[in-house]
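The structure appears right after this line, and notes come after that.
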Amino acid sequence: MKTIVISRFSAVFFAAALFLTGGMAVSASAETAAENYSLYCVQCHGTAGTGKGINAPFLAVAPRNHSDAKAMGELSDANVALAIKEGGSAVGKSTQMPSWKHNLTDAEITDIVAHLRKMCKCTGAAK
Ligand code: HEC
């Protein structure tokens with residue numbers, strides 16, 4: 001157990017060190033967003049983000065296709081961030097989209113929103 005605590009501390013320390021090193025943080029945060037997406041999102045949204053994850057057939061509502069420029073383009077960055085942080089119900093969508101506020105920091109959510117914008121090759125709606 002002790003080694004787990006130490007390695008978690010090291011990971012946080014390493015992330016903080018990367019964050020504080022300015023220029024390096026740009027590529028590091030992009031990598032982290034992809035890693036977080038692979039950890040927390042692919043089971044429903046799929047590895048390609050098309051909404052066809054292994055868990056998708058068991059959901060009553062289809063997960064959002066993150067590569068769909070039209071559908072994603074209709075959502076503002078703030079709406080997307082809120083959906084990720086507080087879950088689907090916070091934006092009037094399905095509760096089968098979970099809340100991630102206990103797994104992801106606000107900064108990590110901001111990075112994931114940027115990652116999703118690369119996947120859809122779109123910008124968000126103004127509001
Ligand atoms: C347990 C399955 C599941 C997981 C895991 C999941 N989602 Fe979702 N997600 C959904 C479903 C279902 C919807 C569709 C909700 C709707 O349209 O009512 C959705 C919708 C969304 C939307 C669109 C919200 C909107 O306003 O239309 C975004 C953005 C999103 N998910 C991002 C993520 C991100 C980022 C992660 C990982 C941190 C994630 N999701 C993990 C099931 C999941």
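How things are named: the first chain in the structure tokens is A, the next is B, and so on; residues count from 1 in each chain; ligands count from 1 in the order shown.
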Considering only C-alpha atoms, return as a ChimeraX atom specification whatever protein or nucleic-acid residues lie within 12 Å of Thr105 of chain A, sequence-local ones (same chain, fewer than 2 positions apart) excluded.
/A:32-33,36,81,84-86,99-103,107-112
What does the list of residues within 9 Å of ligand 1 look like if you count only C-alpha atoms and all ligand atoms, written as a compact mmCIF listing (two decimals) with C-alpha atoms, in the first residue's frame?
```txt
# COMPACT_ATOMS: atom_id res chain seq x y z
CA ASN A 36 -7.57 10.89 -19.73
CA TYR A 37 -9.85 10.31 -22.70
CA SER A 38 -8.46 6.77 -23.04
CA LEU A 39 -8.95 6.17 -19.32
CA TYR A 40 -12.40 7.62 -18.77
CA CYS A 41 -14.25 8.15 -22.05
CA VAL A 42 -13.49 5.41 -24.57
CA GLN A 43 -15.66 2.72 -22.97
CA CYS A 44 -18.74 4.64 -24.10
CA HIS A 45 -17.50 7.13 -26.71
CA GLY A 51 -19.77 7.03 -29.85
CA GLY A 53 -17.43 2.21 -27.28
CA ASN A 55 -20.33 -0.11 -23.37
CA ALA A 56 -22.41 1.83 -25.92
CA LEU A 59 -26.91 2.44 -22.91
CA ALA A 60 -30.45 3.72 -23.48
CA VAL A 61 -29.05 6.90 -25.11
CA ALA A 62 -26.27 6.78 -27.69
CA PRO A 63 -23.05 8.48 -26.49
CA ARG A 64 -22.17 11.65 -28.39
CA ASN A 65 -20.09 11.16 -31.54
CA HIS A 66 -17.14 13.43 -30.73
CA ALA A 71 -23.29 18.07 -33.58
CA MET A 72 -20.20 19.09 -31.58
CA GLU A 74 -23.57 23.25 -31.87
CA LEU A 75 -22.24 22.90 -28.31
CA SER A 76 -20.28 25.74 -26.71
CA ASP A 77 -17.03 24.97 -24.91
CA ASN A 79 -21.58 23.49 -22.29
CA VAL A 80 -19.13 20.69 -23.09
CA ALA A 81 -17.05 21.44 -19.98
CA LEU A 82 -20.19 21.50 -17.81
CA ALA A 83 -21.39 18.18 -19.24
CA ILE A 84 -18.03 16.61 -18.44
CA LYS A 85 -17.77 18.12 -14.97
CA GLY A 87 -22.66 14.96 -16.06
CA GLY A 88 -25.36 14.87 -18.73
CA SER A 89 -28.18 15.91 -16.39
CA ALA A 90 -26.51 19.31 -15.80
CA VAL A 91 -27.03 20.19 -19.48
CA GLY A 92 -30.45 18.60 -19.88
CA LYS A 93 -29.02 15.39 -21.36
CA SER A 94 -28.95 11.76 -20.28
CA THR A 95 -27.71 10.81 -16.80
CA GLN A 96 -25.89 7.98 -18.58
CA MET A 97 -23.23 10.58 -19.32
CA PRO A 98 -21.49 10.52 -15.90
CA SER A 99 -20.05 13.41 -13.88
CA TRP A 100 -16.24 13.45 -13.87
CA ASN A 103 -11.73 12.19 -11.43
CA LEU A 104 -10.69 15.28 -13.38
CA ILE A 109 -11.44 19.20 -18.25
CA ILE A 112 -10.18 17.52 -22.74
CA VAL A 113 -12.49 20.14 -24.28
CA HIS A 115 -8.90 17.56 -27.29
CA LEU A 116 -12.56 17.11 -28.32
```
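Going from atom CA of Ala34 of chain A over to atom CA of Lys52 of chain A, you cover 17.2 Å.
Minimum atom-to-atom distance to Cys122 of chain A, evaluated using only C-alpha atoms, belongs to A:Lys70 out of A:Glu35, A:Lys70, A:Thr47, A:Phe58.
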Suppose you want the space between atom CA of Gly124 of chain A and atom CA of Asp106 of chain A; what is it in Å?
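Result for atom CA of Gly124 of chain A versus atom CA of Asp106 of chain A: 18.1 Å, one decimal.
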Could you pull out the residues in segment 24-122 of chain A that DSSP calls helix (DSSP H, G or I) from the backbone, as an NGL selection string?
:A and (24-40 or 42-45 or 56-58 or 69-73 or 77-86 or 88-91 or 106-120)
